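Next up, target.csv (CSV, C-alpha atoms and all ligand atoms):
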chain,number,residue,atom,x,y,z
A,1,MET,CA,-8.7,-30.9,-22.7
A,2,PRO,CA,-7.3,-27.7,-20.9
A,3,ASN,CA,-6.0,-28.4,-17.4
A,4,ILE,CA,-6.6,-25.9,-14.7
A,5,VAL,CA,-4.8,-26.0,-11.3
A,6,LEU,CA,-6.4,-24.3,-8.3
A,7,LEU,CA,-4.1,-23.3,-5.5
A,8,PRO,CA,-6.3,-21.9,-2.7
A,9,GLY,CA,-3.4,-21.2,-0.3
A,10,ASP,CA,-3.9,-19.5,3.1
A,11,GLY,CA,-6.0,-17.0,4.9
A,12,ILE,CA,-8.9,-15.8,2.8
A,13,GLY,CA,-7.4,-17.8,-0.2
A,14,PRO,CA,-9.7,-20.9,0.2
A,15,GLU,CA,-12.8,-18.7,0.6
A,16,ILE,CA,-12.2,-16.6,-2.5
A,17,VAL,CA,-11.0,-19.4,-4.7
A,18,HIS,CA,-14.1,-21.4,-3.7
A,19,GLU,CA,-16.3,-18.7,-5.1
A,20,ALA,CA,-14.2,-18.2,-8.2
A,21,ALA,CA,-14.1,-22.0,-8.9
A,22,GLN,CA,-17.9,-22.0,-8.9
A,23,VAL,CA,-17.9,-19.3,-11.5
A,24,LEU,CA,-15.3,-21.2,-13.6
A,25,GLU,CA,-17.5,-24.4,-13.4
A,26,VAL,CA,-20.5,-22.5,-14.7
A,27,VAL,CA,-18.7,-21.0,-17.7
A,28,ASN,CA,-17.0,-24.3,-18.3
A,29,ASP,CA,-20.5,-25.9,-18.8
A,30,ARG,CA,-22.1,-23.0,-20.6
A,31,PHE,CA,-19.3,-22.3,-23.1
A,32,LYS,CA,-18.4,-26.0,-23.3
A,33,LEU,CA,-14.8,-25.4,-22.5
A,34,GLY,CA,-14.0,-29.0,-21.5
A,35,LEU,CA,-11.8,-27.9,-18.6
A,36,HIS,CA,-10.3,-30.4,-16.3
A,37,ILE,CA,-9.9,-28.7,-12.9
A,38,GLU,CA,-7.9,-30.0,-9.9
A,39,SER,CA,-6.6,-28.5,-6.6
A,40,HIS,CA,-3.2,-28.5,-5.1
A,41,LEU,CA,-1.4,-27.2,-2.0
A,42,ILE,CA,0.8,-24.1,-1.7
A,43,GLY,CA,2.0,-21.7,1.0
A,44,GLY,CA,1.4,-22.3,4.7
A,45,ALA,CA,-1.2,-25.0,3.9
A,46,ALA,CA,1.5,-26.9,2.0
A,47,ILE,CA,4.1,-26.4,4.8
A,48,ASP,CA,1.6,-27.8,7.4
A,49,ALA,CA,0.7,-30.9,5.2
A,50,GLN,CA,3.9,-31.6,3.4
A,51,GLY,CA,6.7,-29.6,5.0
A,52,ALA,CA,7.4,-27.3,2.0
A,53,PRO,CA,5.7,-24.1,0.7
A,54,LEU,CA,5.8,-25.5,-2.9
A,55,PRO,CA,5.7,-29.3,-2.9
A,56,GLU,CA,7.2,-30.9,-6.0
A,57,SER,CA,3.8,-32.3,-6.9
A,58,THR,CA,2.3,-28.8,-7.0
A,59,LEU,CA,5.0,-27.4,-9.2
A,60,LYS,CA,4.7,-30.4,-11.6
A,61,ALA,CA,1.0,-30.0,-11.8
A,62,ALA,CA,1.3,-26.2,-12.4
A,63,GLN,CA,4.0,-26.7,-15.1
A,64,ALA,CA,1.8,-29.3,-16.8
A,65,SER,CA,-1.3,-27.1,-16.7
A,66,ASP,CA,-2.7,-24.6,-19.1
A,67,ALA,CA,-3.4,-22.1,-16.3
A,68,VAL,CA,-3.3,-21.8,-12.5
A,69,LEU,CA,-5.7,-19.9,-10.3
A,70,LEU,CA,-4.1,-18.9,-7.0
A,71,GLY,CA,-5.8,-17.4,-3.9
A,72,ALA,CA,-3.0,-16.0,-1.6
A,73,VAL,CA,-0.3,-17.3,0.7
A,74,GLY,CA,1.1,-16.4,4.1
A,75,GLY,CA,-0.1,-15.5,7.6
A,76,PRO,CA,1.1,-14.9,11.1
A,77,LYS,CA,1.3,-18.7,11.8
A,78,TRP,CA,4.3,-19.0,9.6
A,79,ASP,CA,5.9,-15.5,10.1
A,80,SER,CA,8.6,-16.9,12.5
A,81,LEU,CA,10.0,-19.4,10.0
A,82,PRO,CA,13.3,-18.5,8.3
A,83,MET,CA,12.8,-16.5,5.1
A,84,SER,CA,13.7,-19.5,2.9
A,85,ASP,CA,11.0,-21.7,4.4
A,86,ARG,CA,8.1,-19.2,4.5
A,87,PRO,CA,4.8,-19.5,2.5
A,88,GLU,CA,5.8,-16.5,0.3
A,89,LYS,CA,8.8,-18.5,-1.0
A,90,GLY,CA,6.3,-20.9,-2.6
A,91,LEU,CA,4.9,-18.0,-4.6
A,92,LEU,CA,8.4,-16.8,-5.8
A,93,LYS,CA,9.3,-20.4,-6.7
A,94,ILE,CA,6.2,-21.1,-8.7
A,95,ARG,CA,6.7,-17.8,-10.6
A,96,SER,CA,10.2,-18.7,-11.5
A,97,GLY,CA,9.4,-22.5,-11.9
A,98,MET,CA,6.8,-21.6,-14.6
A,99,ASN,CA,9.0,-18.8,-16.0
A,100,LEU,CA,6.3,-16.3,-15.5
A,101,PHE,CA,8.2,-13.1,-16.5
A,102,ALA,CA,5.2,-10.9,-17.4
A,103,ASN,CA,2.8,-9.6,-14.8
A,104,LEU,CA,-0.2,-7.8,-16.1
A,105,ARG,CA,-2.2,-5.8,-13.6
A,106,PRO,CA,-5.2,-3.8,-14.9
A,107,ALA,CA,-6.6,-1.1,-12.7
A,108,LEU,CA,-10.1,-0.4,-13.8
A,109,LEU,CA,-12.6,1.7,-11.9
A,110,TYR,CA,-16.2,0.6,-12.1
A,111,PRO,CA,-18.3,3.7,-12.3
A,112,GLU,CA,-20.4,2.3,-9.4
A,113,LEU,CA,-17.3,2.4,-7.2
A,114,ALA,CA,-16.0,5.9,-7.9
A,115,SER,CA,-17.0,7.0,-4.4
A,116,ALA,CA,-15.1,4.1,-2.8
A,117,SER,CA,-11.8,5.5,-4.1
A,118,THR,CA,-9.8,7.8,-1.8
A,119,LEU,CA,-9.3,10.2,-4.7
A,120,LYS,CA,-12.0,12.6,-6.0
A,121,PRO,CA,-14.4,10.9,-8.4
A,122,GLU,CA,-13.5,13.3,-11.2
A,123,VAL,CA,-9.8,12.3,-10.9
A,124,VAL,CA,-10.5,8.5,-11.1
A,125,SER,CA,-13.9,8.1,-12.9
A,126,GLY,CA,-13.3,6.2,-16.2
A,127,LEU,CA,-9.8,5.1,-15.0
A,128,ASP,CA,-8.6,2.1,-17.1
A,129,LEU,CA,-4.9,1.5,-17.0
A,130,LEU,CA,-2.7,-1.5,-17.3
A,131,ILE,CA,0.6,-2.0,-15.5
A,132,VAL,CA,3.0,-4.5,-17.0
A,133,ARG,CA,5.6,-5.5,-14.5
A,134,GLU,CA,8.7,-7.7,-15.1
A,135,LEU,CA,8.3,-10.5,-12.5
A,136,ILE,CA,11.3,-12.8,-12.3
A,137,GLY,CA,14.3,-10.6,-12.7
A,138,GLY,CA,15.7,-7.4,-11.2
A,139,ILE,CA,16.6,-6.8,-7.6
A,140,TYR,CA,14.2,-9.4,-6.2
A,141,PHE,CA,16.3,-12.2,-7.8
A,142,GLY,CA,19.7,-10.5,-8.6
A,143,GLU,CA,22.9,-12.0,-7.1
A,144,PRO,CA,25.0,-11.2,-5.1
A,145,ARG,CA,22.7,-10.6,-2.2
A,146,GLY,CA,22.9,-10.9,1.5
A,147,ILE,CA,24.0,-9.5,4.9
A,148,GLU,CA,27.7,-9.6,5.7
A,149,GLY,CA,30.2,-8.4,8.2
A,150,GLU,CA,30.8,-8.0,12.0
A,151,PRO,CA,27.9,-7.2,14.3
A,152,GLY,CA,27.5,-3.5,14.5
A,153,GLN,CA,29.2,-3.1,11.1
A,154,ARG,CA,27.1,-5.4,8.9
A,155,VAL,CA,26.2,-4.5,5.4
A,156,GLY,CA,23.0,-5.5,3.6
A,157,PHE,CA,23.0,-5.6,-0.2
A,158,ASN,CA,21.0,-6.7,-3.2
A,159,THR,CA,21.7,-6.5,-7.0
A,160,ASP,CA,19.5,-4.9,-9.5
A,161,ARG,CA,20.3,-6.4,-12.9
A,162,TYR,CA,18.5,-6.9,-16.2
A,163,SER,CA,19.9,-8.3,-19.4
A,164,GLU,CA,18.8,-6.9,-22.8
A,165,PRO,CA,16.8,-10.1,-23.7
A,166,GLU,CA,14.9,-9.8,-20.4
A,167,ILE,CA,14.1,-6.2,-21.1
A,168,GLU,CA,13.1,-6.9,-24.6
A,169,ARG,CA,10.7,-9.8,-23.8
A,170,ILE,CA,8.8,-7.7,-21.3
A,171,GLY,CA,8.9,-4.7,-23.6
A,172,ARG,CA,7.2,-6.7,-26.4
A,173,ILE,CA,4.4,-7.8,-24.1
A,174,ALA,CA,3.8,-4.1,-23.1
A,175,PHE,CA,4.0,-2.8,-26.7
A,176,GLU,CA,1.5,-5.5,-27.8
A,177,ALA,CA,-0.8,-4.7,-24.9
A,178,ALA,CA,-0.7,-1.0,-25.9
A,179,GLN,CA,-1.5,-1.9,-29.5
A,180,ALA,CA,-4.6,-3.7,-28.3
A,181,ARG,CA,-5.6,-0.7,-26.1
A,182,GLN,CA,-5.2,3.1,-26.7
A,183,GLY,CA,-1.7,2.8,-28.2
A,184,ARG,CA,0.2,4.7,-25.5
A,185,LEU,CA,3.0,3.1,-23.5
A,186,CYS,CA,4.9,4.8,-20.6
A,187,SER,CA,8.1,3.1,-19.6
A,188,VAL,CA,9.0,3.8,-15.9
A,189,ASP,CA,12.7,3.8,-14.8
A,190,LYS,CA,15.2,5.7,-12.8
A,191,ALA,CA,17.6,6.3,-15.7
A,192,ASN,CA,19.0,9.5,-14.0
A,193,VAL,CA,20.6,7.4,-11.3
A,194,LEU,CA,20.6,3.6,-12.1
A,195,GLU,CA,22.6,2.2,-15.0
A,196,VAL,CA,20.4,-0.9,-15.1
A,197,THR,CA,17.5,1.4,-16.1
A,198,VAL,CA,19.6,3.4,-18.6
A,199,LEU,CA,19.9,0.0,-20.4
A,200,TRP,CA,16.1,-0.5,-19.9
A,201,ARG,CA,15.4,2.8,-21.5
A,202,GLU,CA,17.7,2.1,-24.5
A,203,VAL,CA,16.0,-1.2,-25.2
A,204,MET,CA,12.5,0.3,-25.0
A,205,GLU,CA,13.6,3.0,-27.4
A,206,ARG,CA,15.0,0.4,-29.8
A,207,LEU,CA,11.9,-1.7,-29.6
A,208,SER,CA,9.6,1.3,-30.3
A,209,LEU,CA,10.9,1.4,-33.9
A,210,GLU,CA,9.1,-1.9,-34.4
A,211,TYR,CA,5.8,-0.6,-33.0
A,212,PRO,CA,5.3,2.7,-34.8
A,213,ASP,CA,1.6,2.7,-33.9
A,214,VAL,CA,2.5,2.9,-30.2
A,215,ALA,CA,3.5,6.3,-28.6
A,216,LEU,CA,6.3,5.5,-26.2
A,217,SER,CA,7.1,7.9,-23.3
A,218,HIS,CA,9.5,7.6,-20.4
A,219,MET,CA,9.0,8.7,-16.8
A,220,TYR,CA,11.2,8.5,-13.7
A,221,VAL,CA,9.6,6.3,-11.0
A,222,ASP,CA,9.3,9.1,-8.4
A,223,ASN,CA,7.4,11.2,-10.9
A,224,ALA,CA,5.3,8.2,-12.0
A,225,ALA,CA,4.2,7.6,-8.3
A,226,MET,CA,3.2,11.3,-8.1
A,227,GLN,CA,1.4,11.3,-11.4
A,228,LEU,CA,-0.5,8.1,-10.5
A,229,VAL,CA,-2.2,9.9,-7.6
A,230,ARG,CA,-2.3,13.3,-9.3
A,231,ALA,CA,-3.7,12.5,-12.7
A,232,PRO,CA,-3.9,8.7,-13.2
A,233,LYS,CA,-6.1,8.9,-16.4
A,234,GLN,CA,-3.1,10.1,-18.4
A,235,PHE,CA,-1.8,6.5,-18.5
A,236,ASP,CA,-2.8,3.7,-20.8
A,237,VAL,CA,-0.1,1.1,-20.4
A,238,MET,CA,2.9,1.4,-18.0
A,239,VAL,CA,5.8,-1.0,-18.2
A,240,THR,CA,8.5,-1.3,-15.5
A,241,GLY,CA,10.8,-3.6,-13.6
A,242,ASN,CA,10.1,-5.9,-10.7
A,243,LEU,CA,10.6,-3.5,-7.8
A,244,PHE,CA,9.0,-0.4,-9.2
A,245,GLY,CA,6.1,-2.5,-10.6
A,246,ASP,CA,5.4,-4.0,-7.2
A,247,ILE,CA,5.0,-0.6,-5.6
A,248,LEU,CA,3.3,1.3,-8.4
A,249,SER,CA,0.7,-1.5,-9.0
A,250,ASP,CA,-0.3,-1.4,-5.3
A,251,ALA,CA,-0.8,2.4,-5.5
A,252,ALA,CA,-2.8,1.9,-8.7
A,253,ALA,CA,-4.9,-0.7,-6.9
A,254,MET,CA,-6.0,1.7,-4.3
A,255,LEU,CA,-7.2,4.2,-7.0
A,256,THR,CA,-9.9,1.7,-7.8
A,257,GLY,CA,-11.4,1.7,-4.3
A,258,SER,CA,-10.1,-1.6,-3.0
A,259,ILE,CA,-7.4,-4.0,-3.6
A,260,GLY,CA,-10.2,-6.6,-3.3
A,261,MET,CA,-11.3,-5.6,-6.9
A,262,LEU,CA,-8.0,-6.2,-8.7
A,263,PRO,CA,-7.1,-9.3,-10.7
A,264,SER,CA,-3.7,-10.1,-12.2
A,265,ALA,CA,-2.1,-12.4,-14.7
A,266,SER,CA,1.5,-13.6,-14.8
A,267,MET,CA,2.4,-15.1,-18.1
A,268,ASN,CA,5.3,-17.0,-19.8
A,269,SER,CA,6.0,-17.0,-23.5
A,270,ASP,CA,3.8,-20.1,-24.1
A,271,GLN,CA,0.6,-18.3,-23.0
A,272,GLN,CA,0.7,-20.4,-19.8
A,273,GLY,CA,-0.4,-18.2,-16.9
A,274,LEU,CA,-0.9,-17.9,-13.2
A,275,TYR,CA,-3.9,-15.8,-12.3
A,276,GLU,CA,-4.4,-14.3,-8.8
A,277,PRO,CA,-5.9,-11.3,-7.0
A,278,CYS,CA,-3.4,-8.5,-6.3
A,279,HIS,CA,-4.0,-8.7,-2.6
A,280,GLY,CA,-2.6,-11.1,0.1
A,281,SER,CA,-4.1,-13.6,2.4
A,282,ALA,CA,-5.8,-10.9,4.6
A,283,PRO,CA,-5.4,-12.8,7.9
A,284,ASP,CA,-7.3,-10.0,9.7
A,285,ILE,CA,-10.6,-11.1,8.0
A,286,ALA,CA,-9.9,-14.7,7.2
A,287,GLY,CA,-12.6,-17.3,8.1
A,288,GLN,CA,-15.2,-14.6,8.7
A,289,ASP,CA,-16.9,-14.5,5.3
A,290,LEU,CA,-15.8,-10.9,4.9
A,291,ALA,CA,-13.5,-11.1,1.9
A,292,ASN,CA,-14.2,-9.6,-1.4
A,293,PRO,CA,-14.0,-12.5,-4.0
A,294,LEU,CA,-14.3,-10.2,-7.1
A,295,ALA,CA,-10.6,-9.8,-7.7
A,296,THR,CA,-10.3,-13.6,-7.9
A,297,ILE,CA,-13.4,-14.0,-10.0
A,298,LEU,CA,-12.0,-11.3,-12.4
A,299,SER,CA,-8.7,-13.2,-12.4
A,300,VAL,CA,-10.7,-16.2,-13.9
A,301,ALA,CA,-11.9,-13.8,-16.6
A,302,MET,CA,-8.2,-12.9,-17.3
A,303,MET,CA,-7.4,-16.6,-17.4
A,304,LEU,CA,-10.1,-17.2,-20.0
A,305,THR,CA,-8.8,-14.3,-22.1
A,306,HIS,CA,-5.1,-14.8,-22.0
A,307,SER,CA,-4.5,-18.6,-21.6
A,308,LEU,CA,-7.7,-20.2,-22.8
A,309,LYS,CA,-8.6,-17.7,-25.6
A,310,ALA,CA,-12.3,-18.0,-24.5
A,311,GLN,CA,-13.2,-14.3,-24.9
A,312,ASP,CA,-17.0,-14.9,-24.7
A,313,ALA,CA,-16.7,-16.6,-21.4
A,314,ALA,CA,-14.4,-13.9,-20.0
A,315,GLN,CA,-16.8,-11.2,-21.1
A,316,ALA,CA,-19.8,-13.0,-19.5
A,317,ILE,CA,-18.0,-13.0,-16.2
A,318,GLU,CA,-17.0,-9.3,-16.5
A,319,LEU,CA,-20.6,-8.4,-17.4
A,320,ALA,CA,-21.9,-10.4,-14.4
A,321,VAL,CA,-19.6,-8.6,-12.0
A,322,LYS,CA,-20.7,-5.2,-13.5
A,323,ALA,CA,-24.4,-6.2,-13.1
A,324,VAL,CA,-23.9,-7.2,-9.4
A,325,LEU,CA,-22.2,-3.9,-8.6
A,326,ALA,CA,-24.9,-2.0,-10.5
A,327,ASP,CA,-27.5,-3.8,-8.4
A,328,GLY,CA,-25.8,-2.3,-5.3
A,329,TYR,CA,-24.1,-5.5,-3.8
A,330,ARG,CA,-21.0,-4.6,-1.9
A,331,THR,CA,-18.6,-6.5,0.3
A,332,GLN,CA,-17.4,-4.4,3.4
A,333,ASP,CA,-14.2,-3.2,1.7
A,334,ILE,CA,-16.1,-1.4,-1.1
A,335,ALA,CA,-19.2,-0.3,0.9
A,336,THR,CA,-19.5,3.4,1.3
A,337,GLY,CA,-22.7,3.5,3.3
A,338,MET,CA,-24.7,5.2,0.5
A,339,SER,CA,-28.3,4.3,0.0
A,340,GLY,CA,-29.0,1.5,-2.5
A,341,GLU,CA,-26.1,-0.6,-1.2
A,342,THR,CA,-26.6,-4.1,0.2
A,343,VAL,CA,-23.5,-5.2,2.2
A,344,VAL,CA,-22.9,-8.9,1.7
A,345,GLY,CA,-20.2,-11.5,2.7
A,346,CYS,CA,-17.8,-13.4,0.4
A,347,ARG,CA,-20.2,-16.3,-0.2
A,348,ALA,CA,-23.2,-14.1,-0.9
A,349,MET,CA,-21.2,-12.0,-3.3
A,350,GLY,CA,-20.1,-15.2,-5.1
A,351,THR,CA,-23.7,-16.3,-5.3
A,352,GLN,CA,-24.8,-13.0,-6.8
A,353,VAL,CA,-22.2,-13.3,-9.5
A,354,LEU,CA,-23.4,-16.8,-10.3
A,355,ASN,CA,-27.0,-15.6,-10.4
A,356,ALA,CA,-26.0,-12.8,-12.8
A,357,LEU,CA,-24.1,-15.2,-14.9
A,358,GLN,CA,-27.0,-17.6,-15.1
A,359,LYS,CA,-29.4,-14.8,-16.1
A,360,GLY,CA,-26.9,-14.2,-18.9
B,1,LIG,P1,-3.2,-8.1,2.4
B,1,LIG,O1,-3.4,-7.7,0.9
B,1,LIG,O2,-3.4,-9.5,2.7
B,1,LIG,O3,-4.2,-7.2,3.3
B,1,LIG,C1,-4.1,-5.8,3.3
B,1,LIG,C2,-5.5,-5.2,3.8
B,1,LIG,O4,-6.4,-5.4,2.7
B,1,LIG,C3,-6.0,-5.9,5.0
B,1,LIG,O5,-6.7,-5.0,5.8
B,1,LIG,C4,-7.0,-6.9,4.4
B,1,LIG,O6,-8.1,-7.2,5.2
B,1,LIG,C5,-7.5,-6.1,3.1
B,1,LIG,N1,-7.9,-7.0,2.0
B,1,LIG,C6,-7.0,-7.8,1.3
B,1,LIG,N2,-7.7,-8.5,0.4
B,1,LIG,C7,-9.0,-8.3,0.6
B,1,LIG,C8,-10.2,-8.8,0.1
B,1,LIG,N3,-10.2,-9.7,-0.9
B,1,LIG,N4,-11.4,-8.3,0.6
B,1,LIG,C9,-11.4,-7.4,1.5
B,1,LIG,N5,-10.3,-6.9,2.1
B,1,LIG,C10,-9.1,-7.3,1.7
B,1,LIG,O7,-1.7,-7.6,2.8
B,1,LIG,P2,-0.9,-7.8,4.1
B,1,LIG,O8,-1.8,-7.7,5.3
B,1,LIG,O9,0.3,-7.0,4.0
B,1,LIG,O10,-0.4,-9.3,4.1
B,1,LIG,C11,-1.0,-10.4,4.7
B,1,LIG,C12,-0.3,-11.7,4.4
B,1,LIG,O11,-0.5,-11.9,2.9
B,1,LIG,C13,1.2,-11.7,4.6
B,1,LIG,O12,1.5,-13.0,5.1
B,1,LIG,C14,1.8,-11.4,3.3
B,1,LIG,O13,3.1,-12.0,3.2
B,1,LIG,C15,0.8,-12.2,2.4
B,1,LIG,N6,0.8,-11.7,1.0
B,1,LIG,C16,0.6,-12.6,0.0
B,1,LIG,C17,0.4,-12.2,-1.3
B,1,LIG,C18,0.1,-13.3,-2.3
B,1,LIG,O14,-0.2,-14.4,-1.9
B,1,LIG,N7,0.2,-12.9,-3.6
B,1,LIG,C19,0.5,-10.9,-1.6
B,1,LIG,C20,0.7,-9.9,-0.6
B,1,LIG,C21,0.8,-10.3,0.7
Here is the file; what I need is its structure written in the form of structure tokens.
Amino acid sequence: MPNIVLLPGDGIGPEIVHEAAQVLEVVNDRFKLGLHIESHLIGGAAIDAQGAPLPESTLKAAQASDAVLLGAVGGPKWDSLPMSDRPEKGLLKIRSGMNLFANLRPALLYPELASASTLKPEVVSGLDLLIVRELIGGIYFGEPRGIEGEPGQRVGFNTDRYSEPEIERIGRIAFEAAQARQGRLCSVDKANVLEVTVLWREVMERLSLEYPDVALSHMYVDNAAMQLVRAPKQFDVMVTGNLFGDILSDAAAMLTGSIGMLPSASMNSDQQGLYEPCHGSAPDIAGQDLANPLATILSVAMMLTHSLKAQDAAQAIELAVKAVLADGYRTQDIATGMSGETVVGCRAMGTQVLNALQKG
């Protein structure tokens, strides 16, 4: 019996996970998946209840599960805590505790939302790209790190490091993803300045010999940022390190109209995964029934595809989301004011997806 752990977290997290969990229950029944679903605490909610952003019981449950669905963590209530005790630390710890080295972030523009993007419809219509980001290495984790020295003369420093095995395992995920898509992979680095990415490029080149059906190209990160907003449809799959991936995937998110539409998957080598929307806990709209639950609902679809190998159930969810958008339902973040749109809240959007799913 596959075990699923829900981690609603903070801010809009509980609202969006509630809607996504209902969707998961429906496909569980309809496709007879036999899922066992349980909830645990993470982030600020866990700090308040148990004094730590990632209680041992949550990490154990996540490690023993087949997949985790996370809402979001963080908020102003916990912003004054020291860095090491903040809700976001819970997220970094669960990623490394589950060894989730590969972050997959698709950026797909639904035709109905072309006018919600800040770019011209002809630049983004038909956009379908995947960013593969290394998630537990690079400068976010590298040692030494810190701030040292006398006041007025202090030095802050971090270390960007990747080993060949780390580069190779994320490279393989990206090459395989490209094989299942259009067969094009763009590796993003800064090999004109940073030795760590000279090695990155060398390993990608070496790997490409094993994937002759994938066309590998390389791009410096500054150019990649420019190309993402100039001509994003040139990309199929992009692979990059932790820091560059963090920034580029948020830029790609905005191409699709709203960060509220974008799911993500973080995987380890056992197909175990943590699935979450790309956005944060949105404290500015929390508790007001304004959040867009679609990124979280689409994260459930990614979970079904990657961890549970239930492709039919994933497709049913994706089709239901498309149907709801085609019927004109919009949360406030994706509403454009055009005729034919019905602006709804988080709960009503979830209900519309459930209705579409039940209609089949
Ligand atoms: P955010 O993504 O929470 O919000 C940015 C903007 O997007 C806000 O205006 C918000 O209202 C809007 N937004 C986000 N998700 C939305 C949704 N589903 N529907 C409609 N609008 C949505 O980023 P932020 O404001 O920089 O961060 C807020 C908190 O979230 C911080 O504490 C931050 O540390 C945390 N955070 C958590 C994660 C995570 O849990 N994975 C990721 C990023 C930020």
### Query
Closest to Ala310 (chain A) among A:Gly9, A:Ile4, A:Lys32, A:Gly137, using all atoms listed in the file?
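Of all the options, A:Lys32 lies closest to Ala310 (chain A).
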### Query
Once you count only C-alpha atoms and all ligand atoms, which residues end up within 9 Å of ligand LIG 1 (chain B), and could you hand them over as an MDAnalysis selection string?
chainID A and resid 9:13 16 43 70:79 86:88 91 258:262 276:286 290:296 331:334 346
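Take CA of Gly97 (chain A) and CA of Glu168 (chain A): the distance between them is 20.5 Å.
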### CA of Leu6 (chain A) to CA of Leu69 (chain A), distance in Å rounded to a single decimal
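Pair CA of Leu6 (chain A) / CA of Leu69 (chain A) returns 4.9 Å.
In this model, the gap between CA of Asp312 (chain A) and CA of His36 (chain A) comes to 18.9 Å.
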### For Ala178 (chain A): contacts at 12 Å, all atoms listed in the file, fewer than 2 positions along chain excluded, given as a ChimeraX atom specification
/A:104,129-132,171-176,180-187,208,211-216,235-239
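Distances to Thr118 (chain A) were evaluated for A:Ser80, A:Ser307, A:Ser264, A:Thr256 using all atoms listed in the file, and the minimum falls at A:Thr256.
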### Query
Any idea what's packed within 12 Å of Gly245 (chain A), counting all atoms listed in the file, ignoring anything in its chain fewer than 2 positions away? Could you give it as a VMD selection string?
chain A and resid 102 to 105 130 to 140 187 to 189 221 224 to 225 238 to 243 247 to 253
### Task
List the residues sitting within 12 Å of (0.3, -31.7, -7.8) in the file's frame, using only C-alpha atoms, as a count of residues only.
26
### Task
Might you pull out every residue within 12 Å of Gly360 (chain A), with only C-alpha atoms counted and same-chain residues fewer than 5 positions away left off, and present them as an NGL selection string?
:A and (26-27 or 30-31 or 312-313 or 315-321 or 323 or 353-355)
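Checking A:Glu164, A:Leu308, A:Gly34, A:Leu108 one by one against Leu274 (chain A), counting all atoms listed in the file, you find the shortest gap at A:Leu308.
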### Query
From the list A:Ala20, A:Met267, A:Ala301, A:Met349, which residue is nearest Arg95 (chain A) when using only C-alpha atoms?
A:Met267
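Residue nearest Glu341 (chain A) within the list A:Ile94, A:Leu304, A:Leu113, A:Ala356: A:Leu113 [criterion: smallest interatomic distance, all atoms listed in the file].
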